[in-house]
Amino acid sequence: MWLLLTVTSVISAFGGAHGLFGKLAPESPEANMNISQMINYWGYPSEEYEVITEDGYILGIYRIPYGKKNSENLDAGYDVWLGNSRGNTWSRRNLYYSPDSVEFWAFSFDEMAKYTLPATIDLIVQKTGQEKLHYVGHSQGTTIGFIAFSTNPTLANRIKTFYALAPVATVTYAQSPLKKLSLIPGYLLKIIFGDKMFMPHTFFDQFLGTEVCSRELMDLLCSNALFIMCGFDRKNLNVSRFDVYLGHNPAGTSVQDILHWAQVARAGRLQAFNWGSPFQNLLHYNQRTPPDYDVSAMTVPIAVWNGGHDILADPRDVSMLLPKLQNLIYHKEVLPYNHLDFIWAMNAPQEVYNEIVSMMAKD
């Protein structure tokens, strides 16, 4: 990463004038678009809504109500809703707190499962009239689903099938450098990162995408920086899209969310957030220690895809998870995949998406 920062500085000073690092790939207009604009760019209709959670967060939610017109059956035509977690680029408002306040950022995936997902699903049911929905989650999106559907039976009854991509319930075997954060005491993490936002999207990310990683000779360095965090799979990464990926990622979460994951890593099991003292835990949970989440209590039908080269959702952690899933209807390990391939691998339609659509069609 330090090498990437150094080269970035050199390119900033000389690259534009002398082309020292190869020619720029054509910039995609999507790098500077919002979600609705990107949907429209690819010829789909889009709608925007706001979800207000029980604890006051205002979340952006985006809808693709149907497929392309005259598509000659090239898309499945489903009504697709794209949710957002509190604190990210598209969901940074609250009825009571400013995002500049510590109170705004006092959340982790606990609150996302307890408040965000139920409010989002309530809005979708209200707008569509559908009694049951398909839920597709990736990474923490699966964690939120595991918690919500195992603790909220009413919500679980609204889900036809849970499609889990790179599922995360434990990070015992995770090899990513991100896990090293669990070795740092919580108080020191707060000194380093503060007590508000973690990894917000910045101008520097935009600059990396458009001026650095879009250069031919920088593809390898940028790819490796990404792979070190998520696992290696070079052949499935479309490097010409770096400007789009870095134009929108990372999108930001709370430091408390990272503290929660560090806690899960140390505990070796999925549990609620530890508020720091027996008294605080008593106030939140009516017990002195944070309760564990019982994934086996979830009865929603679930299909799982995981990656053989995923160093965040490590295959060994997934192997511990699978026997706990009461209603596992399908499992596939895509051996070359890393953690992010489920979002942007060039062969993801063939390996994952077409299978999901086929399973939906049979339901």
# chains A, B, ... in the order shown; residues from 1 in each chain; ligands from 1
$ residues_around --residues "Glu50 of chain A" --least-positions-apart "3" --cutoff "7 Å" --atoms "only C-alpha atoms" --output "PyMOL selection string"
chain A and resi 58-61
$ write_last_selection --atoms "N, CA, C and O atoms" --output "PDB file, in the first residue's frame"
ATOM      1  N   ILE A  58     -32.192   7.609   7.835  1.00  0.00           N
ATOM      2  CA  ILE A  58     -32.843   7.806   6.542  1.00  0.00           C
ATOM      3  C   ILE A  58     -31.940   7.181   5.484  1.00  0.00           C
ATOM      4  O   ILE A  58     -30.813   7.632   5.262  1.00  0.00           O
ATOM      5  N   LEU A  59     -32.433   6.134   4.832  1.00  0.00           N
ATOM      6  CA  LEU A  59     -31.617   5.332   3.927  1.00  0.00           C
ATOM      7  C   LEU A  59     -32.094   5.485   2.492  1.00  0.00           C
ATOM      8  O   LEU A  59     -33.296   5.480   2.220  1.00  0.00           O
ATOM      9  N   GLY A  60     -31.145   5.594   1.562  1.00  0.00           N
ATOM     10  CA  GLY A  60     -31.502   5.570   0.145  1.00  0.00           C
ATOM     11  C   GLY A  60     -31.738   4.135  -0.299  1.00  0.00           C
ATOM     12  O   GLY A  60     -30.977   3.238   0.049  1.00  0.00           O
ATOM     13  N   ILE A  61     -32.794   3.923  -1.064  1.00  0.00           N
ATOM     14  CA  ILE A  61     -33.051   2.597  -1.631  1.00  0.00           C
ATOM     15  C   ILE A  61     -33.435   2.791  -3.090  1.00  0.00           C
ATOM     16  O   ILE A  61     -34.161   3.730  -3.432  1.00  0.00           O
TER      17      ILE A  61
END
$ residues_around --residues "Trp81 of chain A" --least-positions-apart "5" --cutoff "8 Å" --atoms "only C-alpha atoms" --output "list in words"
Ile61, Tyr62, Arg63, Ile64, Pro65 and Ile124 of chain A
$ residues_around --residues "Tyr163 of chain A" --least-positions-apart "4" --cutoff "8 Å" --atoms "only C-alpha atoms" --output "list in words"
His134, Tyr135, Val136, Gly137, Ile302, Ala303, Val304 and Ile356 of chain A
$ atom_distance --atom1 "atom CA of Gln175 of chain A" --atom2 "atom CA of Asp310 of chain A"
8.7 Å
$ residues_around --residues "Gln280 of chain A" --least-positions-apart "6" --cutoff "10 Å" --atoms "only C-alpha atoms" --output "count of residues only"
6
$ atom_distance --atom1 "atom CA of Lys235 of chain A" --atom2 "atom CA of Asn338 of chain A"
11.2 Å
$ select_by_dssp --residues "segment 85-199 of chain A" --states "strand (DSSP E or B)" --output "list in words"
Arg93, Asn94, Leu133, His134, Tyr135, Val136, Gly137, His138, Ile159, Lys160, Thr161, Phe162, Tyr163, Ala164, Leu165, Met197 and Phe198 of chain A
$ write_last_selection --atoms "N, CA, C and O atoms" --output "compact mmCIF listing (two decimals), in the first residue's frame"
# COMPACT_ATOMS: atom_id res chain seq x y z
N ARG A 93 -27.94 10.09 6.68
CA ARG A 93 -28.83 11.07 7.32
C ARG A 93 -29.58 10.40 8.46
O ARG A 93 -29.79 9.19 8.46
N ASN A 94 -30.00 11.22 9.42
CA ASN A 94 -30.75 10.73 10.57
C ASN A 94 -31.71 11.82 11.03
O ASN A 94 -31.39 13.01 10.92
N LEU A 133 -40.34 -12.19 -0.54
CA LEU A 133 -39.28 -11.65 -1.39
C LEU A 133 -38.10 -12.62 -1.43
O LEU A 133 -37.90 -13.42 -0.52
N HIS A 134 -37.30 -12.51 -2.49
CA HIS A 134 -35.99 -13.16 -2.52
C HIS A 134 -34.95 -12.18 -1.97
O HIS A 134 -34.97 -11.00 -2.31
N TYR A 135 -34.05 -12.68 -1.14
CA TYR A 135 -33.01 -11.83 -0.55
C TYR A 135 -31.64 -12.31 -1.00
O TYR A 135 -31.28 -13.47 -0.81
N VAL A 136 -30.88 -11.40 -1.62
CA VAL A 136 -29.51 -11.69 -2.04
C VAL A 136 -28.57 -10.82 -1.20
O VAL A 136 -28.68 -9.60 -1.21
N GLY A 137 -27.66 -11.47 -0.49
CA GLY A 137 -26.72 -10.74 0.35
C GLY A 137 -25.29 -11.13 0.03
O GLY A 137 -25.02 -12.28 -0.32
N HIS A 138 -24.38 -10.19 0.16
CA HIS A 138 -22.95 -10.46 -0.04
C HIS A 138 -22.19 -10.01 1.20
O HIS A 138 -22.44 -8.93 1.74
N ILE A 159 -39.40 -14.02 3.55
CA ILE A 159 -38.30 -14.35 2.64
C ILE A 159 -38.55 -15.72 2.01
O ILE A 159 -38.68 -16.73 2.70
N LYS A 160 -38.62 -15.74 0.68
CA LYS A 160 -38.75 -17.01 -0.04
C LYS A 160 -37.47 -17.81 0.06
O LYS A 160 -37.45 -18.97 0.47
N THR A 161 -36.38 -17.17 -0.37
CA THR A 161 -35.07 -17.82 -0.37
C THR A 161 -34.00 -16.77 -0.10
O THR A 161 -34.09 -15.62 -0.54
N PHE A 162 -33.00 -17.18 0.65
CA PHE A 162 -31.85 -16.34 0.99
C PHE A 162 -30.68 -16.84 0.14
O PHE A 162 -30.25 -17.98 0.26
N TYR A 163 -30.17 -15.97 -0.74
CA TYR A 163 -29.03 -16.30 -1.59
C TYR A 163 -27.80 -15.63 -0.98
O TYR A 163 -27.67 -14.40 -1.00
N ALA A 164 -26.89 -16.43 -0.42
CA ALA A 164 -25.77 -15.91 0.36
C ALA A 164 -24.48 -16.04 -0.44
O ALA A 164 -24.04 -17.15 -0.76
N LEU A 165 -23.85 -14.90 -0.76
CA LEU A 165 -22.61 -14.86 -1.53
C LEU A 165 -21.47 -14.46 -0.59
O LEU A 165 -21.55 -13.44 0.09
N MET A 197 -16.64 7.73 11.58
CA MET A 197 -16.69 7.00 10.31
C MET A 197 -15.38 6.28 10.02
O MET A 197 -14.30 6.78 10.30
N PHE A 198 -15.51 5.09 9.41
CA PHE A 198 -14.37 4.30 8.99
C PHE A 198 -14.38 4.18 7.47
O PHE A 198 -15.39 3.81 6.87
$ residues_around --residues "Thr253 of chain A" --least-positions-apart "3" --cutoff "12 Å" --atoms "only C-alpha atoms" --output "ChimeraX atom specification"
/A:84-92,99,104-109,112,140,193,195-201,249-250,256-260
$ closest_residue --among "A:Val80, A:Leu237, A:Ala265, A:Ala169" --to "Asn347 of chain A" --atoms "only C-alpha atoms"
A:Leu237
$ residues_around --residues "Val244 of chain A" --least-positions-apart "5" --cutoff "8 Å" --atoms "only C-alpha atoms" --output "number ranges by chain"
A: 28, 30-32, 209
